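See structure below.
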Amino acid sequence: MDYFAQQLINGLVLGSIYGLIAIGYTMVYGIVGMINFAHGDVFMIGGFIALITFLILISFGLTAIPVILLVVLLVSMAITALYGWTIERIAYRPLRHSFRLAPMLSAIGMSFVLTNYSQVAQGARVKPIPPFITGGYTLHESPDGFVIQLSNIQIMVVVTTIVLLAIFTWLVSSTRLGRDMRACEQDQTMAALLGVNVDRTISMTFVIGAALAAVAGLMYLLYYGLVDFFMGFVAGIKAFTAAVLGGIGSLPGAMLGGLAIGLIETFWSAYFSVEYKDVAAFSILIVVLIFMPTGLLGRPEVEKV
Amino acid sequence: MTAPSTNTAKPATGISAILKTAFINALIALVLFSLMVGVRTEAGPDGQLTYWTRFGELASLVAAVFGGSIVIELLRQWIGTTGADKLVPPAVQSGMSLLGRYVAPALLIFTVLVPVIFYNQRYILDLAILVLTYVMLGWGLNVVVGLAGLLDLGYVAFYAVGAYSYGLLATNFGWSFWICLPLAGILAAFWGVLLGFPVLRLRGDYLAIVTLAFGEIIRLVIINWQDLTGGPNGVSGIPRPSFFGIPLDNSDDGLAAKLGIEYSATHRIIFLFYLILALALLTNWVTIRLRRLPIGRAWEALREDEVACRALGINTTTTKLTAFATGAMFGGFAGAFFATRQGFISPESFTFQESALVLAIVVLGGMGSQLGVALAALAMIGGFELFRGLETYRMLVFGMAMVLIMIWRPRGLVGHRAPTVYLTKAKAISSDLVKEGHG
């Protein structure tokens with residue numbers, strides 16, 4: 001039981017990270033109708049930028065942890081958001097009216113560009129950082145010596161995710177930008193006729209998605225203590241699985257799907273086999289798409305000729 | 001082309017606008033590259049991360065972006081509003097299409113003669129075999145993507161199934177290549193159907209992601225099922241192919257001894273070359289024949305419009321499954337060939353990058369054009385060879401090329417997607433036949 005509870009905590013933390021990435025997929029799919037294959041790599045770039053900012057700040061002699069965290073968060077969000085904007089501008093916007101598969105193929109190309117760009121720029125080796133946020137709480141200690149731990153970093157990941165999700169939900173439901181986004185999601189031509197700047201709205205979608213991916217990258221860096229250039233691929237597919245599981249286009253769905261994937265993966269590793277945890281995640285993707293293509297909270301898609 | 005007068009009227013505003021755009025682009029590049037390029041991190045000997053700055057590289061990259069945007073803006077003004085297609089005069093275009101009719105036979109004759117021309121150049125022969133392997137893979141995937149319009153991102157799974165089928169059958173049971181080759185194809189086709197069944201209802205992007213997941217699952221299973229596949233260590237000691245039972249070595253039973261000629265290691269390479277050429281041509285021939293059969297017509301109909309296809313009474317289930325099975329079978333053949341050529345296979349050869357490379361070949365070739373796929377394979381693999389020394393840069397360039405091709409020519413180099421059958425002229429139908437009147 002204690003083991004179960006500990007895995008539950010681990011799964012929720014991992015799920016929060018997946019959920020943050022999944023929001024980027026789900027928003028872009030909702031508005032532009034394409035799978036932003038490069039989004040996993042944007043998450044990886046976010047992790048790298050956070051790492052580099054950390055190093056610079058620490059070498060400048062800063063020691064106040066909250067200040068460092070805040071600066072790192074803002075810098076990585078800002079620069080990664082610019083990456084998201086640039087990617088949309090270069091690789092997707094010219095293809096908006098091209099044939100169905102063109103943006104997808106362009107996105108795959110972009111994903112290769114980003115992966116290998118960071119490999120060329122930062123080297124192929126894994127970058128570790130020393131544990132930055134330490135300490136935690138012991139929730140329960142069973143007689144046979146098993147301890148349920150809740151570390152500070154785990155608390156931080158979950159709290160940050162909840163806060164960001166709250167801000168983001170407010171943004172989509174109550175601001176001008178959110179209204180524009182929802183309008184573009186329904187009908188781009190009509191939205192444009194009614195004075196919505198479609199190009200700008202789509203750009204902002206990518207910017208927000210990339211910023212959230214940067215937060216996920218930072219959380220990943222803090223939680224696992226390392227980044228490497230190849231981490232975006234698998235994380236990206238899992239986050240996409242999360243977005244599909246939750247119902248693509250739905251924001252709470254993405255978060256729910258992220259948590260579900262995180263929990264499934266953690267429990268699978270804990271009770272079955274670590275080797276096959278990725279197989280489990282991919283199998284879920286296939287099973288969900290076959291039996292429940294609309295996901296948990298999605299709307300059924302209308303088939304058009 | 002815009003008239004000269006309008007061109008000369010512009011420059012005053014033009015130059016400042018160009019400079020402004022270039023400046024903004026350079027500024028964006030500066031922010032993008034500032035941390036990723038300007039600062040290099042590396043783990044020191046004690047595991048502690050250190051960093052050093054690289055402002056020189058950063059400055060040159062930003063300068064390159066600045067210069068690049070000026071050039072692009074100038075080109076854009078020079079070309080004006082006319083599309084890039086119109087740069088080529090119609091006369092040249094028709095000449096090209098006339099030439100195109102002779103390119104394929106000429107290329108085929110040249111390919112057949114390659115071992116004669118480059119007899120002693122092992123490097124060129126090896127490269128030619130590699131190119132032909134990708135031509136075959138491209139033609140195989142072309143059935144799925146180009147003809148049936150099903151975006152398959154996991155094609156490498158069938159390549160892997162073929163390679164491992166041959167590798168395991170040959171090393172465990174000692175079966176010969178010529179028995180295993182059809183078996184590898186059949187097994188791969190079986191896996192193709194296995195993948196096809198669940199994805200029948202999916203389309204477009206979802207289909208792509210599921211096939212990608214399928215390819216990854218196959219690779220992960222190969223890595224982790226160590227008892228059977230040897231895991232990351234792969235299968236080694238896979239027997240070389242024989243000339244229909246006669247080994248190609250310098251033993252007394254070898255082909256060289258039987259023919260009474262001096263043994264040379266090149267014989268085997270040349271045999272492999274003609275083997276893959278024959279396999280590739282078989283793929284091409286079967287595809288061309290299938291296109292003219294009802295099933296090929298059904299594939300093309302499926303590609304153009306699935307709903308209309310169903311409305312016309314075409315069984316989309318069998319259409320999709322046969323497309324997957326046919327494509328997978330050729331992938332399996334290519335995999336068996338790969339295994340026998342290398343003599344060693346490991347999961348590293350079957351990553352997603354391979355799938356993307358084959359897909360890029362098909363897309364660059366113009367999705368459905370057999371000649372285009374062959375030319376694209378030549379260009380891609382040849383291009384990869386040029387970047388051989390720069391191992392890490394070549395995937396970067398590959399990715400950029402993929403994006404640029406999509407922007408510049410989304411239909412590929414030889415981009416024709418005309419159905420093989422169509423009505424030559426519209427027919428008026430008598431109102432006796434159609435209640436609505438003229439159809």
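How things are named: the first chain in the structure tokens is A, the next is B, and so on; residues count from 1 in each chain; ligands count from 1 in the order shown.
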
Taking a cut-off of 8 Å and counting only C-alpha atoms, can you build a table that, for each residue of chain A near chain B, reports the nearest atom pair and how far apart they are in Å (one decimal), sorted by chain then residue number, as a tab-separated table?
```
residue	atom	partner	partner_atom	distance
A:Met34	CA	B:Asp205	CA	7.2
A:Ile35	CA	B:Asp205	CA	6.8
A:Phe48	CA	B:Met36	CA	7.5
A:Ile49	CA	B:Leu35	CA	6.5
A:Ile52	CA	B:Leu35	CA	6.7
A:Thr53	CA	B:Leu35	CA	7.7
A:Leu55	CA	B:Tyr51	CA	7.4
A:Ile79	CA	B:Leu32	CA	6.4
A:Leu82	CA	B:Leu32	CA	7.0
A:Tyr83	CA	B:Leu32	CA	6.6
A:Ala91	CA	B:Val403	CA	6.2
A:Pro94	CA	B:Ile407	CA	6.4
A:Leu95	CA	B:Ile407	CA	6.4
A:Ser98	CA	B:Pro410	CA	7.4
A:Phe99	CA	B:Pro410	CA	7.8
A:Arg100	CA	B:Gly204	CA	7.5
A:Leu101	CA	B:Gly204	CA	7.2
A:Ala102	CA	B:Met406	CA	6.1
A:Pro103	CA	B:Met406	CA	7.7
A:Met104	CA	B:Asp205	CA	7.3
A:Leu105	CA	B:Met406	CA	7.3
A:Ser106	CA	B:Val403	CA	4.6
A:Ala107	CA	B:Val403	CA	7.4
A:Ile108	CA	B:Gly399	CA	7.6
A:Gly109	CA	B:Gly399	CA	4.1
A:Met110	CA	B:Gly399	CA	5.9
A:Ser111	CA	B:Gly399	CA	7.3
A:Phe112	CA	B:Gly399	CA	5.0
A:Val113	CA	B:Leu396	CA	4.8
A:Leu114	CA	B:Leu396	CA	7.8
A:Thr115	CA	B:Leu396	CA	8.0
A:Asn116	CA	B:Leu396	CA	5.2
A:Tyr117	CA	B:Leu396	CA	6.3
A:Ser118	CA	B:Met36	CA	7.2
A:Gln119	CA	B:Thr392	CA	7.4
A:Val120	CA	B:Thr392	CA	6.4
A:Ala121	CA	B:Val37	CA	5.5
A:Gln122	CA	B:Arg40	CA	5.7
A:Gly123	CA	B:Glu42	CA	7.6
A:Arg125	CA	B:Glu42	CA	7.9
A:Lys127	CA	B:Ala43	CA	6.5
A:Pro128	CA	B:Leu49	CA	7.0
A:Ile129	CA	B:Leu49	CA	6.8
A:Pro130	CA	B:Gln48	CA	7.8
A:Glu275	CA	B:Asn224	CA	6.6
A:Tyr276	CA	B:Leu220	CA	7.5
A:Asp278	CA	B:Leu220	CA	7.9
A:Val279	CA	B:Ile217	CA	5.4
A:Phe282	CA	B:Ala213	CA	5.4
A:Ser283	CA	B:Ala213	CA	7.6
A:Leu285	CA	B:Val210	CA	7.2
A:Ile286	CA	B:Val210	CA	5.7
A:Leu289	CA	B:Tyr206	CA	7.5
A:Ile290	CA	B:Pro198	CA	6.3
A:Lys304	CA	B:Val307	CA	7.9
A:Val305	CA	B:Val307	CA	6.1
```

*Near A:Gln6, within 9 Å and counting only C-alpha atoms, which residues show up once chain neighbours fewer than 6 positions away are dropped, as a list in words?*
Val147, Ile148, Gln149 and Leu150 of chain A

Let me see the file: selected residues, C-alpha atoms, as a compact mmCIF listing (two decimals), in the first residue's frame.
```
# COMPACT_ATOMS: atom_id res chain seq x y z
CA VAL A 147 8.92 5.43 3.77
CA ILE A 148 6.60 7.50 1.64
CA GLN A 149 8.51 10.59 0.61
CA LEU A 150 7.13 13.82 -0.75
```

*Contact residues around stretch 131-137 of chain B with only C-alpha atoms at 6 Å, ignoring same-chain residues under 5 positions, as a VMD selection string*: chain B and resid 280 331 374 377 to 378

Can those selected residues be exported to a file as an mmCIF file, in the first residue's frame so that it contains C-alpha atoms?
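Below you can see result.cif, which holds the result:
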```
data_model
loop_
_atom_site.group_PDB
_atom_site.id
_atom_site.type_symbol
_atom_site.label_atom_id
_atom_site.label_comp_id
_atom_site.auth_asym_id
_atom_site.auth_seq_id
_atom_site.Cartn_x
_atom_site.Cartn_y
_atom_site.Cartn_z
ATOM 1 C CA ALA B 280 14.131 -3.005 -56.856
ATOM 2 C CA GLY B 331 10.090 -3.522 -47.060
ATOM 3 C CA ALA B 374 14.566 6.893 -57.746
ATOM 4 C CA ALA B 377 16.905 8.435 -53.381
ATOM 5 C CA LEU B 378 19.976 9.200 -55.469
#
```

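Atom CA of B:Ile15 lies 27.5 Å from atom CA of A:Tyr92.
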
*asked:* Give me, as a list in words, all polymer residues having an atom no more than 12 Å from stretch 190-201 of chain A, counting only C-alpha atoms and skipping those fewer than 5 positions away in the same chain.
replied: Met27, Val28, Ile31, Val32, Trp85, Glu88, Arg89, Tyr92, Arg93, Pro94, Arg96, Val172, Arg176, Leu177, Gly178, Arg179, Asp180, Met181, Arg182, Ala183, Cys184, Glu185, Phe206, Val207 and Ile208 of chain A

_Just list as a VMD selection string whatever in stretch 13-167 of chain A DSSP marks as helix (DSSP H, G or I)._
chain A and resid 13 to 32 39 to 59 65 to 95 102 to 122 152 to 167

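We find atom CA of B:Gly146 and atom CA of B:Asn315 to be spaced 19.1 Å apart.
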